[in-house]
Amino acid sequence: MFACKKLSLSFYSTNASRQTISILFEKEKLCLTNFHQLIQHKFNNYSTKSTGLVQNAAVIFAAIPSSYPEAGKHIRYVKNRTINVDCVNTQGGIVTKNLAISIDPYMRGRMRPIGTKSYVEAFELNQPLTNFFVGKIVKSDNDRYNAGQFVYGQGAYEEYTVHSKDQTESLRILSDEELKLDLPLTTWVGAAGMSGQTAFYGLYHIGKPKKDETIFITGASGAVGQIVGQLAKREGLKVIGSAGTDDKVEWLQKELCFDHAFNYKTANVKAELAKFGSLNIYFDNVGGEQLEAALDAAADHARFVECGMISQFHKSNDSGIRNLILVVRKRLTLQGFIILDQANDENFNREFYSKVPKWIANGDLKVKEDVTKGLEKAPEAIVGIFKGKNFGKAAIKIADD
């Protein structure tokens, strides 16, 4: 038995350098057994709460693929990473707990050497993949943001991300009104996010739809195509879509009420399009043979909305479209676009966010998502989108709120 009002104890641990903790006792006498238990309790509290040290597992870009990327080789899940949320230097920014993140075809183009130029930066080797995400702020050193807010923008395939002050400029706070719509967070990285914006901008600003026109959409069951088709139906168009499996085709016709849909892998694309006369709008997510077929089927002055060409991602450029002369003969408009160009367009963003999330919430727009739970399963899910294995908008649910 002994008496003391203050005891200082020095120790070493694997999680901290030499530290000194002071234990204050309410009573002057304490038995050795209770003393040992109290020391252990204080140590545990110090090492797990005060430091804020937590696991920060991630999906990293491990190697540059020459064809289809492989899970475990080019894209790898790692969990031997940590972050000290309390002590990390945000450089005037914030720390987010990441909850949902998007998978998109354009990510394949980012799996290239750093020096190869494109419209978006390449992934950095041995660093987490990045894409559009929704996260919850757990630490803020920025007057614009508060802990507890939900933000949307560029984030990383990891459990926690530090966003510097400059990086926070592009983040969008989800308003209380938007959160009251009660949309899944995965929807904010899909139909209510970049995918929906792509569909909305491409159709209305480039396609310029008019009632009773005919539109053909490739990749029609995907994240962008399914929204384009429904928006076109709202405008009174005849909607034709192609997809890569029979169950996707059935969904387009029965659930989304497409006027016609077909499996491009088993059907003759030119013959399918010939059933419905000339095309006024072609919304392209695939390219290749379907683009060639659409050129044949196009009406004079048709508009071609070139959104993506996933069929070309894993092929060498040893063949081309054979009927491009039709662009001249039919006076066609072919316009490619990148939705990232509209990121700072306040008018467009106001138009989109005032309409599309509400249409989704009230059921006017149906959304099909292919959600994978857990970062550890993300590599396989990312590879799968390049092979058409996803059915609907692909996303990763990293964590619950």
# chains A, B, ... in the order shown; residues from 1 in each chain; ligands from 1
>>> closest_atom_pairs(of="segment 319-378 of chain A", to="segment 109-122 of chain A", cutoff="12 Å", atoms="only C-alpha atoms", output="CSV")
residue,atom,partner,partner_atom,distance
A:Phe337,CA,A:Tyr119,CA,10.5
A:Ile338,CA,A:Tyr119,CA,8.1
A:Ile339,CA,A:Tyr119,CA,10.8
A:Leu340,CA,A:Val120,CA,8.8
A:Asp341,CA,A:Tyr119,CA,9.6
>>> write_last_selection(atoms="C-alpha atoms", output="compact mmCIF listing (two decimals), in the first residue's frame")
# COMPACT_ATOMS: atom_id res chain seq x y z
CA PHE A 337 -17.78 16.00 -75.19
CA ILE A 338 -16.30 15.61 -71.73
CA ILE A 339 -18.66 16.43 -68.88
CA LEU A 340 -15.74 17.60 -66.74
CA ASP A 341 -15.68 20.70 -68.96
>>> residues_around(residues="Ile94 of chain A", least_positions_apart="3", cutoff="8 Å", atoms="only C-alpha atoms", output="PDB file with all heavy atoms, in the first residue's frame")
ATOM      1  N   THR A  90      -3.937  19.094 -42.667  1.00  0.00           N
ATOM      2  CA  THR A  90      -4.837  19.226 -43.818  1.00  0.00           C
ATOM      3  C   THR A  90      -4.461  20.389 -44.724  1.00  0.00           C
ATOM      4  O   THR A  90      -5.088  20.574 -45.772  1.00  0.00           O
ATOM      5  CB  THR A  90      -6.281  19.436 -43.354  1.00  0.00           C
ATOM      6  OG1 THR A  90      -6.382  20.713 -42.712  1.00  0.00           O
ATOM      7  CG2 THR A  90      -6.735  18.337 -42.409  1.00  0.00           C
ATOM      8  N   ILE A 137     -17.471  14.675 -43.694  1.00  0.00           N
ATOM      9  CA  ILE A 137     -16.349  15.402 -43.110  1.00  0.00           C
ATOM     10  C   ILE A 137     -16.186  15.001 -41.642  1.00  0.00           C
ATOM     11  O   ILE A 137     -17.131  15.100 -40.853  1.00  0.00           O
ATOM     12  CB  ILE A 137     -16.551  16.917 -43.217  1.00  0.00           C
ATOM     13  CG1 ILE A 137     -16.654  17.331 -44.691  1.00  0.00           C
ATOM     14  CG2 ILE A 137     -15.404  17.667 -42.543  1.00  0.00           C
ATOM     15  CD1 ILE A 137     -17.007  18.790 -44.897  1.00  0.00           C
ATOM     16  N   VAL A 138     -14.982  14.537 -41.282  1.00  0.00           N
ATOM     17  CA  VAL A 138     -14.703  14.165 -39.895  1.00  0.00           C
ATOM     18  C   VAL A 138     -13.733  15.130 -39.229  1.00  0.00           C
ATOM     19  O   VAL A 138     -13.561  15.108 -38.012  1.00  0.00           O
ATOM     20  CB  VAL A 138     -14.167  12.719 -39.805  1.00  0.00           C
ATOM     21  CG1 VAL A 138     -15.244  11.722 -40.210  1.00  0.00           C
ATOM     22  CG2 VAL A 138     -12.914  12.540 -40.660  1.00  0.00           C
ATOM     23  N   LYS A 139     -13.097  15.980 -40.034  1.00  0.00           N
ATOM     24  CA  LYS A 139     -12.226  17.020 -39.489  1.00  0.00           C
ATOM     25  C   LYS A 139     -12.177  18.165 -40.491  1.00  0.00           C
ATOM     26  O   LYS A 139     -12.062  17.934 -41.698  1.00  0.00           O
ATOM     27  CB  LYS A 139     -10.807  16.496 -39.250  1.00  0.00           C
ATOM     28  CG  LYS A 139      -9.838  17.563 -38.717  1.00  0.00           C
ATOM     29  CD  LYS A 139      -8.419  17.026 -38.572  1.00  0.00           C
ATOM     30  CE  LYS A 139      -7.472  18.101 -38.068  1.00  0.00           C
ATOM     31  NZ  LYS A 139      -6.084  17.600 -37.923  1.00  0.00           N
ATOM     32  N   SER A 140     -12.285  19.388 -39.986  1.00  0.00           N
ATOM     33  CA  SER A 140     -12.222  20.540 -40.865  1.00  0.00           C
ATOM     34  C   SER A 140     -11.320  21.621 -40.293  1.00  0.00           C
ATOM     35  O   SER A 140     -11.457  22.010 -39.134  1.00  0.00           O
ATOM     36  CB  SER A 140     -13.618  21.125 -41.108  1.00  0.00           C
ATOM     37  OG  SER A 140     -13.534  22.305 -41.896  1.00  0.00           O
ATOM     38  N   ASP A 141     -10.386  22.088 -41.117  1.00  0.00           N
ATOM     39  CA  ASP A 141      -9.563  23.248 -40.806  1.00  0.00           C
ATOM     40  C   ASP A 141      -9.853  24.351 -41.818  1.00  0.00           C
ATOM     41  O   ASP A 141      -8.991  25.161 -42.152  1.00  0.00           O
ATOM     42  CB  ASP A 141      -8.071  22.872 -40.852  1.00  0.00           C
ATOM     43  CG  ASP A 141      -7.706  21.863 -39.785  1.00  0.00           C
ATOM     44  OD1 ASP A 141      -8.173  22.020 -38.644  1.00  0.00           O
ATOM     45  OD2 ASP A 141      -6.964  20.913 -40.090  1.00  0.00           O
ATOM     46  N   ASN A 142     -11.084  24.347 -42.319  1.00  0.00           N
ATOM     47  CA  ASN A 142     -11.497  25.273 -43.366  1.00  0.00           C
ATOM     48  C   ASN A 142     -12.838  25.880 -42.975  1.00  0.00           C
ATOM     49  O   ASN A 142     -13.792  25.155 -42.666  1.00  0.00           O
ATOM     50  CB  ASN A 142     -11.608  24.514 -44.699  1.00  0.00           C
ATOM     51  CG  ASN A 142     -11.850  25.411 -45.887  1.00  0.00           C
ATOM     52  OD1 ASN A 142     -12.814  26.155 -45.927  1.00  0.00           O
ATOM     53  ND2 ASN A 142     -10.964  25.340 -46.867  1.00  0.00           N
ATOM     54  N   TYR A 145     -16.283  24.608 -44.467  1.00  0.00           N
ATOM     55  CA  TYR A 145     -16.806  23.273 -44.208  1.00  0.00           C
ATOM     56  C   TYR A 145     -16.891  22.991 -42.712  1.00  0.00           C
ATOM     57  O   TYR A 145     -16.050  23.466 -41.932  1.00  0.00           O
ATOM     58  CB  TYR A 145     -15.915  22.211 -44.862  1.00  0.00           C
ATOM     59  CG  TYR A 145     -15.809  22.349 -46.366  1.00  0.00           C
ATOM     60  CD1 TYR A 145     -14.761  23.073 -46.943  1.00  0.00           C
ATOM     61  CD2 TYR A 145     -16.743  21.766 -47.203  1.00  0.00           C
ATOM     62  CE1 TYR A 145     -14.663  23.209 -48.320  1.00  0.00           C
ATOM     63  CE2 TYR A 145     -16.646  21.891 -48.588  1.00  0.00           C
ATOM     64  CZ  TYR A 145     -15.598  22.613 -49.135  1.00  0.00           C
ATOM     65  OH  TYR A 145     -15.510  22.743 -50.489  1.00  0.00           O
ATOM     66  N   VAL A 162      -7.484  13.016 -47.103  1.00  0.00           N
ATOM     67  CA  VAL A 162      -7.143  14.385 -46.731  1.00  0.00           C
ATOM     68  C   VAL A 162      -7.251  15.249 -47.983  1.00  0.00           C
ATOM     69  O   VAL A 162      -6.592  14.978 -48.992  1.00  0.00           O
ATOM     70  CB  VAL A 162      -5.715  14.477 -46.155  1.00  0.00           C
ATOM     71  CG1 VAL A 162      -5.381  15.929 -45.790  1.00  0.00           C
ATOM     72  CG2 VAL A 162      -5.569  13.574 -44.940  1.00  0.00           C
ATOM     73  N   HIS A 163      -8.098  16.273 -47.920  1.00  0.00           N
ATOM     74  CA  HIS A 163      -8.268  17.204 -49.035  1.00  0.00           C
ATOM     75  C   HIS A 163      -7.648  18.534 -48.618  1.00  0.00           C
ATOM     76  O   HIS A 163      -8.101  19.166 -47.657  1.00  0.00           O
ATOM     77  CB  HIS A 163      -9.749  17.424 -49.350  1.00  0.00           C
ATOM     78  CG  HIS A 163     -10.536  16.163 -49.541  1.00  0.00           C
ATOM     79  ND1 HIS A 163     -10.839  15.643 -50.789  1.00  0.00           N
ATOM     80  CD2 HIS A 163     -11.088  15.310 -48.634  1.00  0.00           C
ATOM     81  CE1 HIS A 163     -11.547  14.540 -50.640  1.00  0.00           C
ATOM     82  NE2 HIS A 163     -11.711  14.311 -49.350  1.00  0.00           N
ATOM     83  N   SER A 164      -6.623  18.969 -49.340  1.00  0.00           N
ATOM     84  CA  SER A 164      -5.996  20.254 -49.032  1.00  0.00           C
ATOM     85  C   SER A 164      -6.980  21.392 -49.307  1.00  0.00           C
ATOM     86  O   SER A 164      -8.036  21.191 -49.917  1.00  0.00           O
ATOM     87  CB  SER A 164      -4.730  20.440 -49.868  1.00  0.00           C
ATOM     88  OG  SER A 164      -5.080  20.603 -51.236  1.00  0.00           O
ATOM     89  N   LYS A 165      -6.608  22.586 -48.916  1.00  0.00           N
ATOM     90  CA  LYS A 165      -7.481  23.752 -49.135  1.00  0.00           C
ATOM     91  C   LYS A 165      -7.810  23.909 -50.610  1.00  0.00           C
ATOM     92  O   LYS A 165      -8.968  24.155 -50.984  1.00  0.00           O
ATOM     93  CB  LYS A 165      -6.806  25.014 -48.600  1.00  0.00           C
ATOM     94  CG  LYS A 165      -7.665  26.265 -48.736  1.00  0.00           C
ATOM     95  CD  LYS A 165      -6.967  27.484 -48.156  1.00  0.00           C
ATOM     96  CE  LYS A 165      -7.835  28.731 -48.293  1.00  0.00           C
ATOM     97  NZ  LYS A 165      -7.167  29.927 -47.731  1.00  0.00           N
ATOM     98  N   THR A 168     -10.331  21.309 -51.814  1.00  0.00           N
ATOM     99  CA  THR A 168     -11.714  21.467 -51.346  1.00  0.00           C
ATOM    100  C   THR A 168     -12.524  22.391 -52.236  1.00  0.00           C
ATOM    101  O   THR A 168     -13.761  22.360 -52.209  1.00  0.00           O
ATOM    102  CB  THR A 168     -11.757  22.017 -49.905  1.00  0.00           C
ATOM    103  OG1 THR A 168     -11.178  23.331 -49.881  1.00  0.00           O
ATOM    104  CG2 THR A 168     -11.024  21.116 -48.939  1.00  0.00           C
TER     105      THR A 168
END
>>> closest_residue(among="A:Glu351, A:Glu289, A:Glu369, A:Asp400", to="Ala223 of chain A", atoms="only C-alpha atoms")
A:Glu369
>>> select_by_dssp(residues="segment 139-285 of chain A", states="strand (DSSP E)", output="count of residues only")
35
>>> residues_around(residues="Thr372 of chain A", least_positions_apart="4", cutoff="8 Å", atoms="only C-alpha atoms", output="list in words")
Lys377, Ala378, Ala381, Ala394, Ala395, Ile396 and Lys397 of chain A
>>> write_last_selection(atoms="N, CA, C and O atoms", output="PDB file, in the first residue's frame")
ATOM      1  N   LYS A 377     -13.382  -5.636 -52.359  1.00  0.00           N
ATOM      2  CA  LYS A 377     -13.970  -6.222 -53.567  1.00  0.00           C
ATOM      3  C   LYS A 377     -13.905  -5.285 -54.768  1.00  0.00           C
ATOM      4  O   LYS A 377     -14.331  -5.649 -55.865  1.00  0.00           O
ATOM      5  N   ALA A 378     -13.373  -4.104 -54.554  1.00  0.00           N
ATOM      6  CA  ALA A 378     -13.353  -3.096 -55.613  1.00  0.00           C
ATOM      7  C   ALA A 378     -12.516  -3.487 -56.836  1.00  0.00           C
ATOM      8  O   ALA A 378     -12.940  -3.223 -57.972  1.00  0.00           O
ATOM      9  N   ALA A 381     -14.555  -5.515 -59.185  1.00  0.00           N
ATOM     10  CA  ALA A 381     -15.676  -4.734 -59.709  1.00  0.00           C
ATOM     11  C   ALA A 381     -15.209  -3.754 -60.783  1.00  0.00           C
ATOM     12  O   ALA A 381     -15.895  -3.545 -61.794  1.00  0.00           O
ATOM     13  N   ALA A 394     -22.324   1.295 -61.853  1.00  0.00           N
ATOM     14  CA  ALA A 394     -21.405   0.599 -60.952  1.00  0.00           C
ATOM     15  C   ALA A 394     -20.844   1.565 -59.907  1.00  0.00           C
ATOM     16  O   ALA A 394     -20.454   2.685 -60.233  1.00  0.00           O
ATOM     17  N   ALA A 395     -20.837   1.132 -58.674  1.00  0.00           N
ATOM     18  CA  ALA A 395     -20.306   1.957 -57.579  1.00  0.00           C
ATOM     19  C   ALA A 395     -19.838   1.049 -56.463  1.00  0.00           C
ATOM     20  O   ALA A 395     -20.244  -0.111 -56.347  1.00  0.00           O
ATOM     21  N   ILE A 396     -18.974   1.608 -55.612  1.00  0.00           N
ATOM     22  CA  ILE A 396     -18.511   0.905 -54.421  1.00  0.00           C
ATOM     23  C   ILE A 396     -19.093   1.593 -53.190  1.00  0.00           C
ATOM     24  O   ILE A 396     -18.988   2.810 -53.040  1.00  0.00           O
ATOM     25  N   LYS A 397     -19.721   0.813 -52.335  1.00  0.00           N
ATOM     26  CA  LYS A 397     -20.127   1.329 -51.039  1.00  0.00           C
ATOM     27  C   LYS A 397     -18.988   1.009 -50.064  1.00  0.00           C
ATOM     28  O   LYS A 397     -18.755  -0.143 -49.701  1.00  0.00           O
TER      29      LYS A 397
END
>>> select_by_dssp(residues="segment 193-314 of chain A", states="alpha helix (DSSP H)", output="ChimeraX atom specification")
/A:194-201,225-234,246-254,269-274,289-297
>>> closest_residue(among="A:Leu252, A:Asp364, A:Asp401, A:Ala199", to="Gly135 of chain A", atoms="only C-alpha atoms")
A:Asp401
>>> closest_residue(among="A:Phe150, A:Phe304, A:Phe216, A:Phe283", to="Val269 of chain A", atoms="only C-alpha atoms")
A:Phe216
>>> residues_around(residues="Ser102 of chain A", least_positions_apart="6", cutoff="10 Å", atoms="only C-alpha atoms", output="ChimeraX atom specification")
/A:130-134,154-157,186-190,193-195,371,382,393-397
>>> decode(residues="segment 300-311 of chain A", atoms="all heavy atoms", output="compact mmCIF listing (two decimals), in the first residue's frame")
# COMPACT_ATOMS: atom_id res chain seq x y z
N ASP A 300 -30.69 12.78 -92.73
CA ASP A 300 -29.95 13.99 -93.02
C ASP A 300 -30.00 14.92 -91.80
O ASP A 300 -31.04 15.06 -91.15
CB ASP A 300 -30.54 14.71 -94.23
CG ASP A 300 -30.27 13.97 -95.54
OD1 ASP A 300 -29.46 13.02 -95.52
OD2 ASP A 300 -30.89 14.34 -96.56
N HIS A 301 -28.89 15.55 -91.51
CA HIS A 301 -28.78 16.52 -90.40
C HIS A 301 -28.95 15.87 -89.02
O HIS A 301 -29.26 16.57 -88.05
CB HIS A 301 -29.78 17.66 -90.57
CG HIS A 301 -29.69 18.36 -91.88
ND1 HIS A 301 -28.63 19.19 -92.21
CD2 HIS A 301 -30.51 18.33 -92.98
CE1 HIS A 301 -28.82 19.66 -93.44
NE2 HIS A 301 -29.94 19.16 -93.93
N ALA A 302 -28.74 14.58 -88.94
CA ALA A 302 -28.82 13.91 -87.62
C ALA A 302 -27.68 14.39 -86.73
O ALA A 302 -26.63 14.85 -87.21
CB ALA A 302 -28.76 12.40 -87.79
N ARG A 303 -27.90 14.29 -85.41
CA ARG A 303 -26.90 14.70 -84.42
C ARG A 303 -26.33 13.46 -83.74
O ARG A 303 -27.08 12.64 -83.21
CB ARG A 303 -27.51 15.61 -83.36
CG ARG A 303 -27.87 17.00 -83.85
CD ARG A 303 -29.24 17.06 -84.50
NE ARG A 303 -30.33 16.89 -83.51
CZ ARG A 303 -31.58 16.59 -83.85
NH1 ARG A 303 -31.91 16.36 -85.11
NH2 ARG A 303 -32.50 16.48 -82.91
N PHE A 304 -24.99 13.35 -83.76
CA PHE A 304 -24.30 12.23 -83.13
C PHE A 304 -23.63 12.75 -81.86
O PHE A 304 -22.73 13.59 -81.92
CB PHE A 304 -23.25 11.65 -84.08
CG PHE A 304 -23.81 10.67 -85.08
CD1 PHE A 304 -24.94 10.99 -85.85
CD2 PHE A 304 -23.21 9.43 -85.27
CE1 PHE A 304 -25.45 10.10 -86.77
CE2 PHE A 304 -23.72 8.53 -86.19
CZ PHE A 304 -24.85 8.86 -86.95
N VAL A 305 -24.08 12.24 -80.73
CA VAL A 305 -23.54 12.64 -79.43
C VAL A 305 -22.49 11.60 -79.04
O VAL A 305 -22.83 10.49 -78.64
CB VAL A 305 -24.66 12.71 -78.37
CG1 VAL A 305 -24.09 13.24 -77.05
CG2 VAL A 305 -25.82 13.57 -78.86
N GLU A 306 -21.24 11.96 -79.18
CA GLU A 306 -20.15 11.01 -78.93
C GLU A 306 -19.68 11.13 -77.48
O GLU A 306 -18.86 11.98 -77.14
CB GLU A 306 -19.01 11.25 -79.92
CG GLU A 306 -19.38 10.98 -81.37
CD GLU A 306 -19.87 9.56 -81.59
OE1 GLU A 306 -19.30 8.63 -80.97
OE2 GLU A 306 -20.81 9.37 -82.38
N CYS A 307 -20.22 10.26 -76.67
CA CYS A 307 -19.97 10.28 -75.22
C CYS A 307 -18.84 9.35 -74.82
O CYS A 307 -18.04 9.66 -73.94
CB CYS A 307 -21.25 9.91 -74.49
SG CYS A 307 -21.11 9.79 -72.70
N GLY A 308 -18.77 8.18 -75.45
CA GLY A 308 -17.74 7.20 -75.11
C GLY A 308 -17.63 6.14 -76.18
O GLY A 308 -18.52 5.97 -77.01
N MET A 309 -16.50 5.42 -76.15
CA MET A 309 -16.28 4.33 -77.11
C MET A 309 -15.57 3.19 -76.40
O MET A 309 -14.41 2.88 -76.68
CB MET A 309 -15.46 4.83 -78.32
CG MET A 309 -16.17 5.88 -79.15
SD MET A 309 -15.30 6.21 -80.70
CE MET A 309 -16.37 7.48 -81.40
N ILE A 310 -16.28 2.55 -75.50
CA ILE A 310 -15.65 1.54 -74.67
C ILE A 310 -15.16 0.35 -75.49
O ILE A 310 -14.23 -0.36 -75.07
CB ILE A 310 -16.61 1.08 -73.55
CG1 ILE A 310 -15.83 0.35 -72.46
CG2 ILE A 310 -17.76 0.25 -74.11
CD1 ILE A 310 -16.64 0.09 -71.19
N SER A 311 -15.73 0.15 -76.67
CA SER A 311 -15.27 -0.97 -77.51
C SER A 311 -13.84 -0.77 -77.99
O SER A 311 -13.19 -1.73 -78.41
CB SER A 311 -16.20 -1.14 -78.72
OG SER A 311 -16.05 -0.05 -79.63
